[in-house]
Structures are given as C-alpha cells and as structure tokens.
Amino acid sequence: MSDKVNALLERIKPSVKNTQMAQVFKYNEEISKIPGVIKLTLGEPDFNTPEHVKEAGVQAIRDNKSHYTATAGDPKVRQAAAQYLKQKYDQDYDPENELVITAGVTGGMYATLTSIVSEGDEVLIPTPIFPLYFPIVKTNQGKIVYMNTAENNFLLSPEQLESTLQAHPRAKAIILNFPSNPTGMTYTKEQLTALADILRKYDIFVISDEIYSDLIFDQKHYSISHLLPDQTIVLNGLSKSHAMTGWRVGIIAGPAPLVEQIEKIHELSVTSITTVAQYAALEAFQNGLNDSEPMRVEYKKRRDYLHDALVKLGIECSKPQGTFYLMAKIPGDLEQDDFKFSMQLAKEAKVAVIPGSSFGPGGEGYVRFSYAASMDDLTNAIARIEKFLKAKRA
C-alpha cells in the first residue's frame with residue numbers, strides 16, 4: 001500500500017474503521033470451504049421465487065421498465081404494498097406519504113437508523129438478534145444498550161424493558177425483531193401490549209423489523225404498530241415470504257412526518273430501488289397474498305423434525321414459533337466456546353451452524369440452526385451430529 005493510500009486511510013471516518021463486518025458472513029465463508037459440509041447457516045430460503053412473480057420481472061424487462069421511479073417507489077407499487085399490509089396484517093398506511101419501497105429490510109434499517117441516530121445516542125437492542133443492526137448504530141456513532149433476553153426464553157420482558165428505560169430515559173430508539181432471527185421466538189398481542197404500555201411513556205422510536213411475519217406457525221402475527229402508531233417504524237418486505245432475497249424489496253412504513261425524513265437517507269443511498277424488482281414486487285403484492293403458505297407449511301414440518309431430533313439427542317432448545325431458525329444450547333459436557341464448538345462440528349461432523357455469540361449477549365454457549373434446508377440435509381445432519389456426540393463422549 002502506498003504512502004498516499006495510508007495517509008488517506010487515516011482520514012477515513014473512525015466509526016467506519018472501527019466497525020467490524022458481520023461475523024456471520026465471514027464464518028459462513030470459512031466453513032463453506034470444507035468439502036462435503038452440510039450448511040445449516042445463512043437465512044436463505046431454499047425455495048425459488050414464485051413463477052408468476054418471476055414472469056412479471058421478465059415482462060418488465062421486455063417492456064423497457066428500466067428507468068428511474070419515484071424515490072419512494074413507483075406509485076402503483078406503493079399502493080399495492082399498502083393494500084398488501086392491510087390485507088395481511090390490518091395495517092393502515094397511506095401509500096402517498098407513509099410508505100417507502102426500499103432495498104430490503106437492511107436498506108430500510110440503514111435509512112431509518114441513519115435518520116435517527118446522532119453521536120452518543122443510545123439505541124436499545126434486545127439480544128440475541130440479527131447482528132447487522134449493531135454496525136449500523138455504531139457507524140452512526142450511536143451507543144448500543146444490549147438487553148440480554150436469554151433468561152426469559154429469548155423474549156424481552158416488561159420488567160427488563162422498564163428497568164432499562166429507567167436507567168436510560170433518553171434512549172433514542174429501540175429495535176424489535178419478531179419473529180426473531182436467530183431464535184424463532186415471537187410475541188403475542190398481550191406481550192406486546194405490556195411492552196407498549198411502557199414505551200408509550202417515552203419519546204422513543206420503536207423500529208419493528210417484521211420481515212418474518214408471514215412465517216409464523218401457531219399464531220397470527222400482531223404488529224406493535226397497532227398499539228404505538230405514532231412511535232413505530234415498521235420494516236417488512238418480500239425476501240422471506242416470497243423467497244426474493246436477491247430482488248432486494250423492502251418496505252418502510254410509519255407516520256408521514258417521520259417517513260418523510262427517513263426517505264431523505266433512502267434517496268441519498270440508493271435513489272430508488274431497481275425498477276424491474278419493483279414490477280416483480282407489484283405482482284407479488286397484488287397476486288401473491290398466499291404465496292408463502294406452502295413454504296410456511298414445509299418450514300413447520302422441518303421445525304418439528306429438527307426440534308424433536310435435537311431434544312432426543314439431549315440438546316436443549318426452545319421450539320421456534322416462526323422463521324426458519326432454531327437456537328440450541330451446547331451440551332454442558334462439550335466445548336462451551338460457541339465459535340470453537342461450531343468449528344469442531346463443521347470439521348469433524350461436516351455440519352455447519354452459526355455460533356450463537358454472533359448475535360450478541362445471550363447467544364454465548366448456543367448455536368443457531370437454519371432449517372431453510374431440505375429434509376434430506378436435516379436428517380443427514382442429525383445422523384452426523386449423533387455420531388459426533390457419541391465420539392466426543394466415548
């Protein structure tokens with residue numbers, strides 16, 4: 001590296017230089033090099049985008065839909081997205097000024113946090129949780145207040161929230177993700193009501209990542225936006241419900257005066273999302289209301305199999321209520337460093353999972369399984385894990 005590059009590197013924003021890339025992706029890259037490994041790692045649906053949605057994208061190319069749309073998204077797409085949220089979750093948003101089509105939920109989270117967080121601002125984050133939230137807060141020079149939920153079945157309790165807010169009364173925002181990556185746990189209406197009763201007392205943004213809302217198994221999704229409409233920014237999209245991770249279609253929805261400010265950051269970072277993807281999303285919103293159902297049914301079967309099989313092996317784990325993730329506790333007689341354990345499992349058993357500490361406090365001593373994988377992969381993985389455990393305990 002030249003002296004000039006070194007000199008310029010010194011002038012890079014310190015909060016960026018101090019930010020670490022997500023361990024999840026780096027670890028996944030590393031274990032992917034192991035021959036014959038079964039990967040139960042990243043949250044990538046093993047289904048394809050529905051045919052009618054793909055065809056809409058192809059037709060958009062043929063129709064030369066290759067120019068900019070409005071920054072917030074094509075008006076027809078916003079209208080369809082608003083109708084979709086209304087039909088699916090009874091959420092009411094004006095597509096004119098309360099909704100932005102963004103580059104996935106990650107793009108929505110970046111725009112939202114960047115518009116809110118200034119240097120020194122505190123953001124409350126219950127953990128374990130999706131780890132990309134952390135660097136977004138940190139690059140905006142905010143401070144994370146971690147709330148370890150491991151002792152409460154990975155759910156934030158009213159008591160923990162109340163005591164945290166009393167200690168941090170000027171916290172700027174709280175991030176909720178339910179159903180949760182990595183735990184698969186979600187909240188009932190009653191549980192959310194108890195949290196909302198506390199949050200209502202504070203001028204705090206409630207950022208609710210509900211990207212897995214279509215993948216709940218035994219109850220109906222209920223959004224905290226119903227309880228705190230003036231405080232909540234909802235993030236949702238099509239990545240998981242329609243197996244459209246690579247299309248990058250997300251939704252930001254909330255009160256118009258707040259969304260107006262968030263849209264500024266969205267415009268500065270992406271201008272508007274890919275037009276072809278918007279037209280595919282239009283089809284998904286209008287005619288794909290139940291596209292997720294076959295996936296949800298299959299994920300539930302896999303959830304039941306994986307949970308029951310791990311329990312039979314003596315591995316402690318909560319039964320996920322949604323998503324396609326499961327957090328399992330490393331047995332006490334084995335290596336307790338979850339990174340070391342995960343690497344052992346990958347190299348010796350040829351089964352790859354994600355170390356729990358990647359997801360923040362409370363994940364230590366756990367590993368996350370993704371069951372967005374075939375039943376053949378899951379059954380083979382369980383057979384390999386059983387063999388691995390026997391060898392370790394011989």
# chains A, B, ... in the order shown; residues from 1 in each chain; ligands from 1

call {"tool": "select_by_dssp", "arguments": {"residues": "range 286-385 of chain A", "states": "strand (DSSP E)", "output": "ChimeraX atom specification"}}
result
/A:325-329,351-352,354-355,366-370

call {"tool": "write_last_selection", "arguments": {"atoms": "C-alpha atoms", "output": "PDB file, in the first residue's frame"}}
result
ATOM      1  CA  TYR A 325     -34.139 -20.710  12.742  1.00  0.00           C
ATOM      2  CA  LEU A 326     -33.563 -22.598  15.969  1.00  0.00           C
ATOM      3  CA  MET A 327     -31.183 -21.760  18.819  1.00  0.00           C
ATOM      4  CA  ALA A 328     -29.724 -24.812  20.541  1.00  0.00           C
ATOM      5  CA  LYS A 329     -27.725 -24.832  23.760  1.00  0.00           C
ATOM      6  CA  VAL A 351     -22.361 -29.939   9.806  1.00  0.00           C
ATOM      7  CA  ALA A 352     -22.191 -26.144   9.727  1.00  0.00           C
ATOM      8  CA  ILE A 354     -23.714 -20.354  13.248  1.00  0.00           C
ATOM      9  CA  PRO A 355     -22.080 -19.569  16.638  1.00  0.00           C
ATOM     10  CA  TYR A 366     -25.614 -21.550  21.825  1.00  0.00           C
ATOM     11  CA  VAL A 367     -25.570 -22.298  18.106  1.00  0.00           C
ATOM     12  CA  ARG A 368     -28.137 -21.319  15.508  1.00  0.00           C
ATOM     13  CA  PHE A 369     -29.507 -23.862  13.060  1.00  0.00           C
ATOM     14  CA  SER A 370     -31.178 -22.704   9.846  1.00  0.00           C
TER      15      SER A 370
END

call {"tool": "select_by_dssp", "arguments": {"residues": "range 147-290 of chain A", "states": "helix (DSSP H, G or I)", "output": "PyMOL selection string"}}
result
chain A and resi 150-152+158-167+189-199+224-226+245-247+256-270+275-287

call {"tool": "residues_around", "arguments": {"residues": "range 36-43 of chain A", "least_positions_apart": "2", "cutoff": "10 Å", "atoms": "only C-alpha atoms", "output": "MDAnalysis selection string"}}
result
chainID A and resid 24:25 27:28 31:34 45:46 181:182 240 245 323:325 345:355 367:374 377:378 380:381 384

call {"tool": "decode", "arguments": {"residues": "range 269-313 of chain A", "atoms": "N, CA and C atoms", "output": "mmCIF file, in the first residue's frame"}}
result
data_model
loop_
_atom_site.group_PDB
_atom_site.id
_atom_site.type_symbol
_atom_site.label_atom_id
_atom_site.label_comp_id
_atom_site.auth_asym_id
_atom_site.auth_seq_id
_atom_site.Cartn_x
_atom_site.Cartn_y
_atom_site.Cartn_z
ATOM 1 N N SER A 269 -28.869 7.242 -0.500
ATOM 2 C CA SER A 269 -28.099 5.997 -0.548
ATOM 3 C C SER A 269 -28.406 5.153 -1.778
ATOM 4 N N VAL A 270 -29.660 5.124 -2.246
ATOM 5 C CA VAL A 270 -29.990 4.250 -3.385
ATOM 6 C C VAL A 270 -30.789 4.941 -4.495
ATOM 7 N N THR A 271 -31.157 6.200 -4.346
ATOM 8 C CA THR A 271 -32.045 6.931 -5.260
ATOM 9 C C THR A 271 -33.424 6.285 -5.267
ATOM 10 N N SER A 272 -33.561 5.150 -5.938
ATOM 11 C CA SER A 272 -34.773 4.335 -5.865
ATOM 12 C C SER A 272 -34.348 2.901 -6.159
ATOM 13 N N ILE A 273 -35.124 1.932 -5.703
ATOM 14 C CA ILE A 273 -34.670 0.551 -5.903
ATOM 15 C C ILE A 273 -34.911 0.141 -7.352
ATOM 16 N N THR A 274 -34.274 -0.953 -7.755
ATOM 17 C CA THR A 274 -34.312 -1.431 -9.126
ATOM 18 C C THR A 274 -35.745 -1.507 -9.650
ATOM 19 N N THR A 275 -35.977 -0.904 -10.785
ATOM 20 C CA THR A 275 -37.328 -0.813 -11.338
ATOM 21 C C THR A 275 -37.904 -2.186 -11.663
ATOM 22 N N VAL A 276 -37.097 -3.063 -12.252
ATOM 23 C CA VAL A 276 -37.576 -4.409 -12.576
ATOM 24 C C VAL A 276 -38.020 -5.143 -11.312
ATOM 25 N N ALA A 277 -37.249 -4.996 -10.231
ATOM 26 C CA ALA A 277 -37.623 -5.632 -8.963
ATOM 27 C C ALA A 277 -38.946 -5.072 -8.446
ATOM 28 N N GLN A 278 -39.172 -3.780 -8.675
ATOM 29 C CA GLN A 278 -40.439 -3.188 -8.232
ATOM 30 C C GLN A 278 -41.631 -3.800 -8.966
ATOM 31 N N TYR A 279 -41.470 -4.074 -10.246
ATOM 32 C CA TYR A 279 -42.577 -4.652 -11.003
ATOM 33 C C TYR A 279 -42.816 -6.113 -10.628
ATOM 34 N N ALA A 280 -41.755 -6.820 -10.294
ATOM 35 C CA ALA A 280 -41.941 -8.166 -9.744
ATOM 36 C C ALA A 280 -42.669 -8.076 -8.405
ATOM 37 N N ALA A 281 -42.283 -7.094 -7.589
ATOM 38 C CA ALA A 281 -42.938 -6.903 -6.287
ATOM 39 C C ALA A 281 -44.409 -6.533 -6.452
ATOM 40 N N LEU A 282 -44.706 -5.745 -7.470
ATOM 41 C CA LEU A 282 -46.108 -5.373 -7.736
ATOM 42 C C LEU A 282 -46.957 -6.628 -7.919
ATOM 43 N N GLU A 283 -46.441 -7.577 -8.687
ATOM 44 C CA GLU A 283 -47.156 -8.843 -8.896
ATOM 45 C C GLU A 283 -47.285 -9.616 -7.584
ATOM 46 N N ALA A 284 -46.212 -9.647 -6.810
ATOM 47 C CA ALA A 284 -46.253 -10.369 -5.526
ATOM 48 C C ALA A 284 -47.274 -9.746 -4.586
ATOM 49 N N PHE A 285 -47.284 -8.426 -4.500
ATOM 50 C CA PHE A 285 -48.229 -7.742 -3.612
ATOM 51 C C PHE A 285 -49.673 -7.934 -4.061
ATOM 52 N N GLN A 286 -49.895 -7.890 -5.368
ATOM 53 C CA GLN A 286 -51.265 -7.933 -5.877
ATOM 54 C C GLN A 286 -51.824 -9.352 -5.973
ATOM 55 N N ASN A 287 -50.976 -10.301 -6.384
ATOM 56 C CA ASN A 287 -51.485 -11.638 -6.684
ATOM 57 C C ASN A 287 -50.767 -12.750 -5.935
ATOM 58 N N GLY A 288 -49.950 -12.375 -4.969
ATOM 59 C CA GLY A 288 -49.202 -13.398 -4.231
ATOM 60 C C GLY A 288 -49.458 -13.374 -2.744
ATOM 61 N N LEU A 289 -50.677 -13.026 -2.379
ATOM 62 C CA LEU A 289 -51.006 -12.873 -0.962
ATOM 63 C C LEU A 289 -50.709 -14.141 -0.167
ATOM 64 N N ASN A 290 -50.924 -15.293 -0.778
ATOM 65 C CA ASN A 290 -50.747 -16.557 -0.061
ATOM 66 C C ASN A 290 -49.572 -17.380 -0.591
ATOM 67 N N ASP A 291 -48.658 -16.723 -1.302
ATOM 68 C CA ASP A 291 -47.510 -17.448 -1.856
ATOM 69 C C ASP A 291 -46.644 -18.091 -0.779
ATOM 70 N N SER A 292 -46.657 -17.532 0.390
ATOM 71 C CA SER A 292 -45.784 -18.056 1.453
ATOM 72 C C SER A 292 -46.333 -19.321 2.093
ATOM 73 N N GLU A 293 -47.604 -19.639 1.873
ATOM 74 C CA GLU A 293 -48.232 -20.729 2.615
ATOM 75 C C GLU A 293 -47.547 -22.080 2.411
ATOM 76 N N PRO A 294 -47.251 -22.504 1.176
ATOM 77 C CA PRO A 294 -46.547 -23.795 1.031
ATOM 78 C C PRO A 294 -45.192 -23.796 1.732
ATOM 79 N N MET A 295 -44.487 -22.660 1.719
ATOM 80 C CA MET A 295 -43.201 -22.566 2.400
ATOM 81 C C MET A 295 -43.400 -22.681 3.907
ATOM 82 N N ARG A 296 -44.400 -21.968 4.416
ATOM 83 C CA ARG A 296 -44.661 -21.980 5.857
ATOM 84 C C ARG A 296 -44.974 -23.396 6.338
ATOM 85 N N VAL A 297 -45.789 -24.108 5.574
ATOM 86 C CA VAL A 297 -46.145 -25.483 5.940
ATOM 87 C C VAL A 297 -44.900 -26.362 5.971
ATOM 88 N N GLU A 298 -44.047 -26.220 4.964
ATOM 89 C CA GLU A 298 -42.825 -27.030 4.900
ATOM 90 C C GLU A 298 -41.858 -26.663 6.021
ATOM 91 N N TYR A 299 -41.703 -25.368 6.293
ATOM 92 C CA TYR A 299 -40.817 -24.953 7.380
ATOM 93 C C TYR A 299 -41.301 -25.494 8.719
ATOM 94 N N LYS A 300 -42.615 -25.538 8.900
ATOM 95 C CA LYS A 300 -43.149 -26.058 10.160
ATOM 96 C C LYS A 300 -42.803 -27.543 10.316
ATOM 97 N N LYS A 301 -42.919 -28.308 9.240
ATOM 98 C CA LYS A 301 -42.539 -29.729 9.293
ATOM 99 C C LYS A 301 -41.064 -29.868 9.680
ATOM 100 N N ARG A 302 -40.247 -29.052 9.051
ATOM 101 C CA ARG A 302 -38.810 -29.115 9.343
ATOM 102 C C ARG A 302 -38.528 -28.679 10.769
ATOM 103 N N ARG A 303 -39.231 -27.634 11.228
ATOM 104 C CA ARG A 303 -39.082 -27.172 12.618
ATOM 105 C C ARG A 303 -39.366 -28.314 13.580
ATOM 106 N N ASP A 304 -40.499 -28.984 13.354
ATOM 107 C CA ASP A 304 -40.898 -30.064 14.245
ATOM 108 C C ASP A 304 -39.861 -31.190 14.243
ATOM 109 N N TYR A 305 -39.391 -31.549 13.060
ATOM 110 C CA TYR A 305 -38.408 -32.627 12.972
ATOM 111 C C TYR A 305 -37.106 -32.240 13.679
ATOM 112 N N LEU A 306 -36.579 -31.075 13.344
ATOM 113 C CA LEU A 306 -35.279 -30.678 13.889
ATOM 114 C C LEU A 306 -35.342 -30.508 15.395
ATOM 115 N N HIS A 307 -36.371 -29.841 15.884
ATOM 116 C CA HIS A 307 -36.502 -29.638 17.325
ATOM 117 C C HIS A 307 -36.572 -30.972 18.057
ATOM 118 N N ASP A 308 -37.453 -31.850 17.603
ATOM 119 C CA ASP A 308 -37.649 -33.130 18.290
ATOM 120 C C ASP A 308 -36.389 -33.998 18.220
ATOM 121 N N ALA A 309 -35.707 -33.965 17.069
ATOM 122 C CA ALA A 309 -34.495 -34.771 16.915
ATOM 123 C C ALA A 309 -33.380 -34.280 17.825
ATOM 124 N N LEU A 310 -33.228 -32.966 17.952
ATOM 125 C CA LEU A 310 -32.196 -32.421 18.833
ATOM 126 C C LEU A 310 -32.505 -32.731 20.292
ATOM 127 N N VAL A 311 -33.770 -32.605 20.672
ATOM 128 C CA VAL A 311 -34.156 -32.913 22.050
ATOM 129 C C VAL A 311 -33.856 -34.377 22.369
ATOM 130 N N LYS A 312 -34.119 -35.277 21.419
ATOM 131 C CA LYS A 312 -33.833 -36.698 21.626
ATOM 132 C C LYS A 312 -32.340 -36.950 21.821
ATOM 133 N N LEU A 313 -31.529 -36.073 21.238
ATOM 134 C CA LEU A 313 -30.080 -36.202 21.410
ATOM 135 C C LEU A 313 -29.603 -35.540 22.707
#
